[in-house]
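Structure file entry-v1.tsv (TSV, C-alpha atoms and all ligand atoms) follows.
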```
chain	number	residue	atom	x	y	z
A	1	MET	CA	26.50	28.71	103.19
A	2	LYS	CA	25.84	27.33	106.66
A	3	VAL	CA	27.38	24.92	109.16
A	4	ILE	CA	25.44	21.76	109.71
A	5	SER	CA	25.96	18.67	111.84
A	6	THR	CA	27.17	15.88	109.55
A	7	LYS	CA	24.46	13.55	110.87
A	8	ASP	CA	21.81	15.93	109.50
A	9	ALA	CA	23.52	16.64	106.17
A	10	VAL	CA	21.77	14.12	103.86
A	11	GLY	CA	20.70	15.97	100.70
A	12	CYS	CA	22.95	18.95	101.39
A	13	ILE	CA	25.58	20.21	98.94
A	14	LEU	CA	29.20	20.38	100.11
A	15	CYS	CA	30.86	23.77	99.76
A	16	HIS	CA	34.44	22.48	99.61
A	17	ASP	CA	36.50	19.37	98.88
A	18	ILE	CA	36.95	16.98	101.78
A	19	THR	CA	40.37	15.41	101.90
A	20	GLN	CA	41.27	12.04	103.31
A	21	ILE	CA	44.85	11.15	104.24
A	22	ILE	CA	45.78	7.60	105.16
A	23	LYS	CA	49.47	7.53	106.04
A	24	GLY	CA	51.60	5.83	103.42
A	25	HIS	CA	48.51	4.97	101.42
A	26	THR	CA	46.29	7.73	100.07
A	27	LYS	CA	45.88	11.44	100.03
A	28	GLY	CA	43.10	13.03	98.09
A	29	PRO	CA	39.58	14.30	98.15
A	30	VAL	CA	36.98	11.74	99.26
A	31	PHE	CA	34.24	14.19	98.36
A	32	ARG	CA	34.37	17.06	95.95
A	33	LYS	CA	32.92	20.50	96.31
A	34	GLY	CA	29.36	20.32	94.99
A	35	HIS	CA	28.80	16.72	96.09
A	36	ILE	CA	25.32	15.97	97.42
A	37	VAL	CA	25.62	14.11	100.73
A	38	THR	CA	23.91	10.70	100.88
A	39	GLU	CA	23.06	8.42	103.81
A	40	GLU	CA	26.09	6.20	103.02
A	41	ASP	CA	28.44	9.19	103.07
A	42	ILE	CA	27.78	9.98	106.73
A	43	PRO	CA	30.05	7.27	108.30
A	44	VAL	CA	32.79	8.13	105.75
A	45	LEU	CA	32.62	11.82	106.67
A	46	LEU	CA	32.73	10.99	110.37
A	47	ARG	CA	35.75	8.75	109.75
A	48	VAL	CA	37.67	11.66	108.20
A	49	GLY	CA	36.84	13.71	111.26
A	50	LYS	CA	34.03	15.84	109.91
A	51	GLU	CA	31.33	16.12	112.54
A	52	ASN	CA	30.21	19.41	111.01
A	53	LEU	CA	30.12	20.54	107.40
A	54	TYR	CA	29.84	23.73	105.39
A	55	VAL	CA	26.92	23.18	103.04
A	56	TRP	CA	24.79	25.18	100.68
A	57	GLU	CA	21.29	25.67	101.84
A	58	PRO	CA	18.96	24.32	99.16
A	59	LYS	CA	16.97	27.34	98.10
A	60	GLU	CA	13.72	27.52	96.20
A	61	GLY	CA	14.47	28.23	92.55
A	62	MET	CA	18.17	27.32	92.76
A	63	LEU	CA	19.64	24.23	91.09
A	64	HIS	CA	22.76	22.27	91.93
A	65	GLU	CA	25.37	22.33	89.16
A	66	ASP	CA	24.67	18.66	88.34
A	67	GLU	CA	20.96	19.41	87.87
A	68	GLY	CA	21.89	22.35	85.66
A	69	ALA	CA	24.19	20.09	83.62
A	70	GLU	CA	21.30	17.64	83.17
A	71	ILE	CA	19.23	20.45	81.68
A	72	LEU	CA	22.10	21.29	79.32
A	73	ARG	CA	22.18	17.63	78.30
A	74	GLN	CA	18.50	17.85	77.44
A	75	PHE	CA	19.16	20.97	75.36
A	76	CYS	CA	21.83	19.06	73.45
A	77	GLN	CA	20.37	15.59	73.15
A	78	GLY	CA	16.68	16.02	73.82
A	79	GLY	CA	14.72	13.46	75.80
A	80	SER	CA	13.37	13.51	79.30
A	81	ARG	CA	15.14	11.58	82.04
A	82	LYS	CA	12.74	8.66	81.48
A	83	GLU	CA	13.28	8.52	77.70
A	84	ALA	CA	17.03	8.72	78.03
A	85	ALA	CA	17.29	6.06	80.71
A	86	PHE	CA	20.62	5.14	82.20
A	87	GLU	CA	22.18	1.90	81.03
A	88	GLY	CA	24.84	1.27	83.64
A	89	GLU	CA	26.87	4.47	83.74
A	90	LYS	CA	25.63	5.66	80.34
A	91	LYS	CA	22.49	7.44	79.34
A	92	CYS	CA	21.81	6.48	75.70
A	93	PHE	CA	19.51	8.43	73.44
A	94	ARG	CA	19.45	9.29	69.76
A	95	TYR	CA	22.73	7.42	69.10
A	96	MET	CA	24.58	9.48	71.72
A	97	SER	CA	25.35	8.48	75.28
A	98	ALA	CA	25.75	10.86	78.20
A	99	SER	CA	28.00	10.39	81.20
A	100	ARG	CA	26.53	10.86	84.64
A	101	ALA	CA	26.71	14.45	85.81
A	102	SER	CA	29.78	14.88	87.95
A	103	GLU	CA	31.15	18.14	89.34
A	104	GLY	CA	28.64	19.91	87.16
A	105	LYS	CA	29.85	18.31	83.94
A	106	ILE	CA	28.34	15.89	81.40
A	107	GLU	CA	30.01	14.49	78.28
A	108	LEU	CA	28.34	13.05	75.19
A	109	THR	CA	29.85	10.17	73.21
A	110	ALA	CA	28.91	8.70	69.82
A	111	GLU	CA	27.15	5.34	70.03
A	112	MET	CA	27.17	4.82	66.23
A	113	ASP	CA	29.27	5.71	63.21
A	114	GLY	CA	27.59	8.62	61.48
A	115	LEU	CA	27.38	12.31	60.78
A	116	PHE	CA	27.52	14.75	63.69
A	117	LYS	CA	25.32	17.84	63.36
A	118	VAL	CA	25.34	21.02	65.42
A	119	ASP	CA	22.68	23.71	65.39
A	120	LYS	CA	25.23	26.53	65.55
A	121	LYS	CA	22.72	29.29	66.24
A	122	ALA	CA	21.02	27.46	69.10
A	123	LEU	CA	24.43	26.57	70.55
A	124	TYR	CA	25.41	30.22	70.39
A	125	GLU	CA	22.19	31.19	72.20
A	126	VAL	CA	22.96	28.91	75.16
A	127	ASN	CA	26.61	29.94	75.35
A	128	SER	CA	25.58	33.62	75.30
A	129	GLN	CA	23.60	33.26	78.54
A	130	GLY	CA	26.63	33.13	80.84
A	131	GLU	CA	27.07	30.72	83.80
A	132	MET	CA	26.73	27.73	81.48
A	133	MET	CA	28.68	26.30	78.57
A	134	ILE	CA	28.48	23.66	75.88
A	135	ALA	CA	31.57	22.81	73.80
A	136	THR	CA	31.30	20.46	70.82
A	137	ARG	CA	33.44	19.12	68.02
A	138	HIS	CA	32.70	20.60	64.60
A	139	GLY	CA	29.36	19.79	63.05
A	140	ASN	CA	28.90	18.17	59.62
A	141	THR	CA	31.82	15.88	60.34
A	142	GLU	CA	31.81	12.13	60.44
A	143	VAL	CA	32.25	10.49	63.81
A	144	ARG	CA	32.88	6.93	64.86
A	145	LYS	CA	31.38	4.97	67.75
A	146	GLY	CA	33.20	5.97	70.92
A	147	ASP	CA	34.20	9.44	69.72
A	148	LYS	CA	33.73	12.24	72.23
A	149	LEU	CA	31.16	14.70	70.84
A	150	ALA	CA	30.55	17.39	73.42
A	151	GLY	CA	31.07	18.47	77.00
A	152	MET	CA	28.85	20.80	78.98
A	153	ARG	CA	28.80	22.29	82.42
A	154	VAL	CA	27.28	24.90	84.67
A	155	ILE	CA	29.97	27.33	85.80
A	156	PRO	CA	28.93	28.18	89.41
A	157	LEU	CA	28.06	25.59	92.03
A	158	VAL	CA	24.41	26.57	91.95
A	159	ILE	CA	22.38	28.23	89.23
A	160	SER	CA	18.89	29.70	89.20
A	161	ARG	CA	16.17	27.71	87.48
A	162	GLU	CA	15.11	30.97	85.89
A	163	LYS	CA	18.47	31.24	84.15
A	164	MET	CA	18.17	27.71	82.76
A	165	ASP	CA	14.59	28.44	81.65
A	166	LYS	CA	15.82	31.54	79.84
A	167	ALA	CA	18.31	29.44	77.91
A	168	GLY	CA	15.53	26.99	77.02
A	169	ASP	CA	13.36	29.86	75.80
A	170	ALA	CA	16.22	31.14	73.62
A	171	ILE	CA	16.52	27.71	71.95
A	172	ARG	CA	12.77	27.53	71.42
A	173	GLN	CA	12.86	30.93	69.80
A	174	GLU	CA	15.78	29.92	67.59
A	175	ASN	CA	14.70	26.49	66.39
A	176	GLY	CA	11.38	25.63	68.05
A	177	GLY	CA	13.09	23.70	70.85
A	178	LYS	CA	14.81	21.00	68.81
A	179	PRO	CA	17.93	19.36	70.28
A	180	ILE	CA	21.11	21.29	69.50
A	181	LEU	CA	23.11	18.18	68.61
A	182	SER	CA	22.31	15.15	66.51
A	183	LEU	CA	24.02	12.09	65.16
A	184	LEU	CA	22.68	10.75	61.88
A	185	PRO	CA	23.82	7.15	61.42
A	186	PHE	CA	25.20	6.18	58.02
A	187	VAL	CA	22.55	4.50	55.88
A	188	PRO	CA	23.80	1.53	53.80
A	189	LYS	CA	24.06	2.58	50.14
A	190	ARG	CA	24.52	1.02	46.71
A	191	VAL	CA	27.11	2.92	44.74
A	192	ALA	CA	27.86	2.94	41.00
A	193	VAL	CA	31.24	4.18	39.73
A	194	ILE	CA	31.38	5.58	36.20
A	195	THR	CA	34.89	6.26	34.90
A	196	THR	CA	35.14	8.60	31.92
A	197	GLY	CA	38.02	9.45	29.61
A	198	SER	CA	39.18	8.19	26.21
A	199	GLU	CA	42.62	7.38	27.65
A	200	VAL	CA	41.11	4.84	30.04
A	201	TYR	CA	38.29	3.67	27.73
A	202	LYS	CA	40.72	2.98	24.88
A	203	GLY	CA	43.13	1.22	27.20
A	204	ARG	CA	45.94	3.79	26.83
A	205	ILE	CA	46.29	4.01	30.59
A	206	LYS	CA	45.12	1.93	33.52
A	207	ASP	CA	42.19	3.17	35.61
A	208	THR	CA	43.79	4.36	38.85
A	209	PHE	CA	40.75	6.38	39.99
A	210	THR	CA	38.32	3.56	40.81
A	211	PRO	CA	40.72	1.90	43.32
A	212	VAL	CA	41.00	5.23	45.18
A	213	LEU	CA	37.20	5.39	45.45
A	214	GLU	CA	36.98	1.75	46.51
A	215	GLU	CA	39.44	2.41	49.31
A	216	LYS	CA	37.59	5.52	50.48
A	217	LEU	CA	34.16	3.92	50.31
A	218	GLY	CA	35.47	0.91	52.22
A	219	HIS	CA	35.22	2.94	55.43
A	220	TYR	CA	31.43	3.17	55.12
A	221	PRO	CA	28.47	0.78	54.85
A	222	VAL	CA	28.54	0.83	51.06
A	223	THR	CA	28.27	-1.81	48.31
A	224	ILE	CA	29.69	-0.98	44.89
A	225	ILE	CA	27.10	-2.44	42.52
A	226	SER	CA	28.72	-1.48	39.20
A	227	ARG	CA	31.89	-0.14	37.63
A	228	THR	CA	31.56	1.24	34.09
A	229	VAL	CA	34.17	2.84	31.84
A	230	CYS	CA	32.96	5.37	29.24
A	231	ASP	CA	34.54	7.27	26.36
A	232	ASP	CA	34.44	11.11	26.29
A	233	ASP	CA	30.94	10.77	24.86
A	234	PRO	CA	28.26	12.53	26.89
A	235	GLN	CA	25.49	10.25	25.59
A	236	MET	CA	27.43	7.19	26.69
A	237	VAL	CA	27.95	8.69	30.16
A	238	THR	CA	24.28	9.72	30.45
A	239	ASP	CA	23.22	6.17	29.48
A	240	ALA	CA	25.60	4.75	32.08
A	241	ILE	CA	24.12	7.02	34.79
A	242	ARG	CA	20.55	6.03	33.87
A	243	GLY	CA	21.54	2.38	33.73
A	244	ALA	CA	23.11	2.58	37.19
A	245	LEU	CA	19.98	4.19	38.62
A	246	GLU	CA	17.82	1.49	37.03
A	247	MET	CA	20.02	-1.09	38.72
A	248	GLY	CA	19.12	0.55	42.04
A	249	ALA	CA	22.13	2.76	42.70
A	250	ASP	CA	21.60	5.25	45.55
A	251	LEU	CA	24.77	7.14	44.68
A	252	VAL	CA	26.47	7.52	41.30
A	253	LEU	CA	30.09	8.70	41.17
A	254	CYS	CA	31.34	9.93	37.79
A	255	THR	CA	35.07	10.52	37.51
A	256	GLY	CA	37.09	12.48	34.96
A	257	GLY	CA	36.09	15.03	32.35
A	258	MET	CA	35.12	17.71	34.88
A	259	SER	CA	37.16	20.70	33.68
A	260	VAL	CA	37.24	22.88	30.62
A	261	ASP	CA	38.91	20.85	27.88
A	262	PRO	CA	36.81	20.13	24.78
A	263	ASP	CA	36.77	16.49	25.89
A	264	ASP	CA	35.49	17.30	29.39
A	265	ARG	CA	31.81	16.48	28.94
A	266	THR	CA	30.85	14.92	32.25
A	267	PRO	CA	28.86	17.89	33.65
A	268	LEU	CA	26.75	17.93	30.47
A	269	ALA	CA	26.23	14.17	30.69
A	270	ILE	CA	25.07	14.46	34.32
A	271	ARG	CA	22.71	17.31	33.45
A	272	ASN	CA	21.22	15.25	30.60
A	273	SER	CA	20.53	12.35	32.95
A	274	GLY	CA	17.76	14.46	34.52
A	275	ALA	CA	19.66	15.19	37.71
A	276	LYS	CA	19.07	18.55	39.37
A	277	ILE	CA	22.41	20.31	39.77
A	278	VAL	CA	23.07	21.69	43.27
A	279	ILE	CA	26.51	23.04	42.35
A	280	TYR	CA	29.14	22.75	39.68
A	281	GLY	CA	32.21	24.48	41.08
A	282	ALA	CA	32.93	24.82	44.80
A	283	PRO	CA	35.09	27.13	46.98
A	284	VAL	CA	37.27	24.22	48.07
A	285	LEU	CA	40.80	23.27	47.04
A	286	PRO	CA	41.33	20.56	46.05
A	287	GLY	CA	37.90	20.18	44.55
A	288	ALA	CA	37.05	23.35	42.65
A	289	MET	CA	35.58	21.43	39.70
A	290	PHE	CA	33.27	19.25	41.81
A	291	LEU	CA	29.66	18.72	40.80
A	292	LEU	CA	26.82	17.65	43.09
A	293	SER	CA	23.33	16.82	41.88
A	294	TYR	CA	20.30	14.88	43.02
A	295	MET	CA	17.75	12.88	41.06
A	296	GLU	CA	14.06	13.33	41.76
A	297	GLY	CA	14.12	10.09	43.74
A	298	GLY	CA	16.82	11.51	46.04
A	299	GLN	CA	19.79	9.58	44.59
A	300	ALA	CA	22.95	11.69	44.51
A	301	VAL	CA	25.00	11.95	41.32
A	302	MET	CA	28.47	13.45	41.69
A	303	GLY	CA	31.10	14.54	39.23
A	304	LEU	CA	34.52	14.03	40.81
A	305	PRO	CA	37.43	16.04	39.40
A	306	GLY	CA	40.87	14.59	38.89
A	307	CYS	CA	42.15	15.85	42.25
A	308	VAL	CA	40.01	13.30	44.11
A	309	MET	CA	42.30	10.66	42.60
A	310	TYR	CA	45.60	12.22	43.60
A	311	ALA	CA	44.93	14.34	46.71
A	312	GLU	CA	44.43	12.64	50.06
A	313	ARG	CA	41.57	14.95	51.08
A	314	THR	CA	39.25	16.94	48.84
A	315	ILE	CA	35.71	18.24	48.74
A	316	PHE	CA	34.60	14.65	48.22
A	317	ASP	CA	35.58	13.93	51.85
A	318	LEU	CA	33.42	16.84	53.00
A	319	VAL	CA	30.32	15.86	51.04
A	320	LEU	CA	30.44	12.04	51.11
A	321	PRO	CA	29.61	11.57	54.85
A	322	ARG	CA	26.60	13.84	54.46
A	323	VAL	CA	25.25	11.97	51.47
A	324	LEU	CA	25.82	8.65	53.24
A	325	ALA	CA	23.85	9.93	56.25
A	326	ASP	CA	20.97	11.10	54.01
A	327	ASP	CA	21.65	14.72	54.91
A	328	PRO	CA	20.97	16.78	51.78
A	329	VAL	CA	23.63	19.36	50.91
A	330	THR	CA	22.50	22.76	49.66
A	331	LYS	CA	24.08	25.32	47.36
A	332	GLU	CA	24.26	27.81	50.26
A	333	GLU	CA	26.15	25.36	52.44
A	334	ILE	CA	28.69	24.72	49.70
A	335	ALA	CA	29.13	28.49	49.31
A	336	THR	CA	30.03	28.80	53.01
A	337	LEU	CA	32.89	26.30	52.67
A	338	GLY	CA	35.28	28.96	51.36
A	339	GLU	CA	36.70	29.88	54.78
A	340	GLY	CA	38.59	26.71	55.71
A	341	GLY	CA	38.09	25.34	52.22
A	342	LEU	CA	41.82	25.31	51.56
A	343	CYS	CA	43.46	22.00	52.45
A	344	LEU	CA	46.90	22.76	53.91
A	345	ASN	CA	48.31	19.43	52.87
A	346	CYS	CA	49.87	18.83	56.27
A	347	PRO	CA	52.78	16.36	56.47
A	348	VAL	CA	50.59	14.19	58.73
A	349	CYS	CA	46.91	14.43	57.80
A	350	THR	CA	44.58	14.62	60.81
A	351	TYR	CA	41.35	15.20	58.86
A	352	PRO	CA	38.52	15.38	59.97
A	353	ASN	CA	40.11	16.84	63.12
A	354	CYS	CA	41.52	19.90	61.36
A	355	GLY	CA	40.31	23.17	59.87
A	356	PHE	CA	39.58	21.76	56.41
A	357	GLY	CA	35.95	22.35	55.50
A	358	LYS	CA	35.09	23.93	58.88
A	401	LIG	N1	41.90	25.79	32.08
A	401	LIG	C1	41.59	25.10	33.17
A	401	LIG	N2	42.14	23.91	33.37
A	401	LIG	C2	41.88	23.20	34.49
A	401	LIG	C3	41.01	23.72	35.44
A	401	LIG	C4	40.40	24.97	35.19
A	401	LIG	O1	39.57	25.46	35.98
A	401	LIG	N3	40.72	25.62	34.04
A	401	LIG	N4	40.79	23.03	36.58
A	401	LIG	C5	41.83	22.12	37.00
A	401	LIG	C6	41.38	21.32	38.11
A	401	LIG	S1	41.15	22.16	39.57
A	401	LIG	C7	41.19	19.96	38.01
A	401	LIG	S2	40.83	19.01	39.39
A	401	LIG	C8	41.28	19.27	36.75
A	401	LIG	C9	40.00	18.49	36.52
A	401	LIG	O2	40.33	17.45	35.84
A	401	LIG	P1	39.23	16.51	35.22
A	401	LIG	O3	38.32	16.01	36.26
A	401	LIG	O4	38.62	17.20	34.07
A	401	LIG	O5	40.11	15.30	34.81
A	401	LIG	P2	40.62	14.89	33.36
A	401	LIG	O6	40.95	16.09	32.57
A	401	LIG	O7	39.64	13.94	32.85
A	401	LIG	O8	41.94	14.15	33.79
A	401	LIG	C10	42.97	14.79	34.45
A	401	LIG	C11	44.15	13.83	34.57
A	401	LIG	O9	43.81	12.69	35.31
A	401	LIG	C12	43.92	11.49	34.55
A	401	LIG	N5	42.79	10.61	34.85
A	401	LIG	C13	41.48	10.95	34.86
A	401	LIG	N6	40.75	9.85	35.13
A	401	LIG	C14	41.59	8.84	35.32
A	401	LIG	C15	41.44	7.47	35.65
A	401	LIG	N7	40.22	6.92	35.87
A	401	LIG	N8	42.53	6.71	35.79
A	401	LIG	C16	43.76	7.21	35.55
A	401	LIG	N9	43.97	8.50	35.25
A	401	LIG	C17	42.92	9.30	35.12
A	401	LIG	C18	43.85	11.95	33.12
A	401	LIG	O10	44.45	11.02	32.28
A	401	LIG	C19	44.60	13.27	33.19
A	401	LIG	O11	46.00	13.05	33.22
A	401	LIG	O12	41.39	20.15	35.69
A	401	LIG	C20	42.32	21.22	35.88
A	401	LIG	N10	42.47	21.98	34.68
A	402	LIG	O1	38.84	20.81	40.91
A	402	LIG	MO1	40.52	20.63	41.16
A	402	LIG	O2	39.35	19.61	41.84
A	402	LIG	O3	40.42	21.79	42.57
A	402	LIG	O4	41.98	20.06	41.92
```
Turn this file's structure into structure tokens for me.
Amino acid sequence: MKVISTKDAVGCILCHDITQIIKGHTKGPVFRKGHIVTEEDIPVLLRVGKENLYVWEPKEGMLHEDEGAEILRQFCQGGSRKEAAFEGEKKCFRYMSASRASEGKIELTAEMDGLFKVDKKALYEVNSQGEMMIATRHGNTEVRKGDKLAGMRVIPLVISREKMDKAGDAIRQENGGKPILSLLPFVPKRVAVITTGSEVYKGRIKDTFTPVLEEKLGHYPVTIISRTVCDDDPQMVTDAIRGALEMGADLVLCTGGMSVDPDDRTPLAIRNSGAKIVIYGAPVLPGAMFLLSYMEGGQAVMGLPGCVMYAERTIFDLVLPRVLADDPVTKEEIATLGEGGLCLNCPVCTYPNCGFGK
């Protein structure tokens, strides 16, 4: 820290807030600690009576907190300054926009509806360095345009470039240097709904499952291309799946017949369609009897248990955004859902902003 004549302070970093008081009008900081003095600031500083200032001396190898924050933004979002050019106040890149660095902090916001992904290990590496932090919302959750995704800042006013480089090296070692955060936009999909169950097929009860799916799918860029009702006959269900795929379905949703009764034949029917089963049975309640499979061509075929019809949130809500963002779900990932896999059925549901599936 040193004292400098205000007239000579352009480019210097203020060490403390500078307060302006105009009687009966304003009281507050005109400049914050950490601000870099510009040519235009000089008359303002002189007007608040500051002919001399305490400033940091720019030192070789030391970065201002805002410069450090910009490096954190690159860790998160990727892209050089040029690639991620400012549009007005926003820096847009890879469907995320960044605020301008201010007081050492940058925030990222979703520019599209889609699936938010976090490389947890790389994030941990950066946050383990000290003197810097990145906080995000949970990964693998759907986000909507305008949602806040992450905030990051450098903790001290200045940070060594070496420290930032070390964090960059840790990310490179962890994932080869890929951005920590990504937003995968939803990809428009054609969906086929196959309802199974003799009670519905024979008209004994009304189908109340399909309307639930229609409502849920209505929040995404999805077209329902077919609705078929089948008896508890696995061949009939298999034929319906194959027919839907021939019609160009990207996603086939089979409902009913997912548990252990003699008439519950949907898993067999899905298997016989040629789909490769990722999981049948998941550590999530509601949703234990869920089945996820993929065809060779990448189309997803799901078996949805009865709970998807009656419970507000189930495993279907965890998996659907991923499938709609073309983000394949693995058996291992499903196995990790156990902790947080219990929906608490809160009086007011705040999903996805809750612990379910996290
Ligand atoms: N012994 C066991 N029983 C059950 C288990 C288990 O592990 N062992 N799991 C339970 C869980 S968890 C669920 S979830 C359900 C799974 O049910 P299913 O997917 O097999 O559903 P269904 O048996 O076909 O039907 C259940 C219930 O829902 C009505 N339903 C089904 N589809 C429709 C429709 N399109 N419209 C209207 N109503 C429909 C159906 O009539 C039944 O009343 O299994 C538990 N049991
Ligand atoms: O499979 Mo049930 O799906 O847990 O309610």
* **Selection: 8 Å around Pro156 (chain A), only C-alpha atoms, excl. self and same-chain fewer than 2 positions, as a count of residues only** => 5
Give me the residues of chain A that have any atom at most 10 Å from an atom of ligand LIG 401 (chain A); for each, the nearest atom pair and the distance in Å, rounded to one decimal. Use only C-alpha atoms and all ligand atoms, sort by chain and number, and format it as a Markdown table.
```
| residue | atom | partner | partner_atom | distance |
| --- | --- | --- | --- | --- |
| A:Ile194 | CA | A:LIG401 | N7 | 8.9 |
| A:Thr195 | CA | A:LIG401 | N7 | 5.5 |
| A:Thr196 | CA | A:LIG401 | N6 | 6.6 |
| A:Gly197 | CA | A:LIG401 | O7 | 5.8 |
| A:Ser198 | CA | A:LIG401 | O10 | 8.5 |
| A:Glu199 | CA | A:LIG401 | O10 | 6.2 |
| A:Val200 | CA | A:LIG401 | C15 | 6.2 |
| A:Tyr201 | CA | A:LIG401 | N7 | 9.0 |
| A:Arg204 | CA | A:LIG401 | O10 | 9.2 |
| A:Ile205 | CA | A:LIG401 | C16 | 6.4 |
| A:Lys206 | CA | A:LIG401 | C16 | 5.8 |
| A:Asp207 | CA | A:LIG401 | N8 | 3.6 |
| A:Thr208 | CA | A:LIG401 | N8 | 4.1 |
| A:Phe209 | CA | A:LIG401 | N7 | 4.2 |
| A:Thr210 | CA | A:LIG401 | N7 | 6.3 |
| A:Pro211 | CA | A:LIG401 | N7 | 9.0 |
| A:Val212 | CA | A:LIG401 | N7 | 9.5 |
| A:Val229 | CA | A:LIG401 | N7 | 8.3 |
| A:Cys230 | CA | A:LIG401 | N7 | 10.0 |
| A:Asp232 | CA | A:LIG401 | O7 | 8.8 |
| A:Cys254 | CA | A:LIG401 | O3 | 9.4 |
| A:Thr255 | CA | A:LIG401 | N6 | 6.2 |
| A:Gly256 | CA | A:LIG401 | O7 | 3.6 |
| A:Gly257 | CA | A:LIG401 | O7 | 3.7 |
| A:Met258 | CA | A:LIG401 | O4 | 3.6 |
| A:Ser259 | CA | A:LIG401 | O4 | 3.8 |
| A:Val260 | CA | A:LIG401 | C1 | 5.5 |
| A:Asp261 | CA | A:LIG401 | O6 | 7.0 |
| A:Pro262 | CA | A:LIG401 | O6 | 9.7 |
| A:Asp263 | CA | A:LIG401 | O6 | 7.9 |
| A:Asp264 | CA | A:LIG401 | O4 | 5.6 |
| A:Arg265 | CA | A:LIG401 | O4 | 8.6 |
| A:Thr266 | CA | A:LIG401 | O4 | 8.3 |
| A:Pro267 | CA | A:LIG401 | O4 | 9.8 |
| A:Gly281 | CA | A:LIG401 | O1 | 9.0 |
| A:Val284 | CA | A:LIG401 | S1 | 9.6 |
| A:Leu285 | CA | A:LIG401 | S1 | 7.6 |
| A:Pro286 | CA | A:LIG401 | S1 | 6.7 |
| A:Gly287 | CA | A:LIG401 | S2 | 6.0 |
| A:Ala288 | CA | A:LIG401 | S1 | 5.3 |
| A:Met289 | CA | A:LIG401 | S1 | 5.6 |
| A:Phe290 | CA | A:LIG401 | S2 | 7.9 |
| A:Gly303 | CA | A:LIG401 | O3 | 7.9 |
| A:Leu304 | CA | A:LIG401 | O3 | 6.3 |
| A:Pro305 | CA | A:LIG401 | O3 | 3.3 |
| A:Gly306 | CA | A:LIG401 | O3 | 3.9 |
| A:Cys307 | CA | A:LIG401 | S2 | 4.5 |
| A:Val308 | CA | A:LIG401 | S2 | 7.5 |
| A:Met309 | CA | A:LIG401 | C14 | 7.5 |
| A:Tyr310 | CA | A:LIG401 | O9 | 8.5 |
| A:Ala311 | CA | A:LIG401 | S2 | 9.6 |
| A:Thr314 | CA | A:LIG401 | S2 | 9.8 |
```
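One finds CA of Gly248 (chain A) at 23.0 Å from CA of Asp231 (chain A).
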* To do: Give me the residues within 8 Å of Arg144 (chain A) as a ChimeraX atom specification, counting all atoms listed in the file and dropping any in the same chain fewer than 3 places off.
  => /A:110-114,147
* Anything within 8 Å of (24.6, 16.1, 102.3): list those residues as a PyMOL selection string, counting all atoms listed in the file and sticking to the file's coordinates. => chain A and resi 6+8-14+35-39+41+55
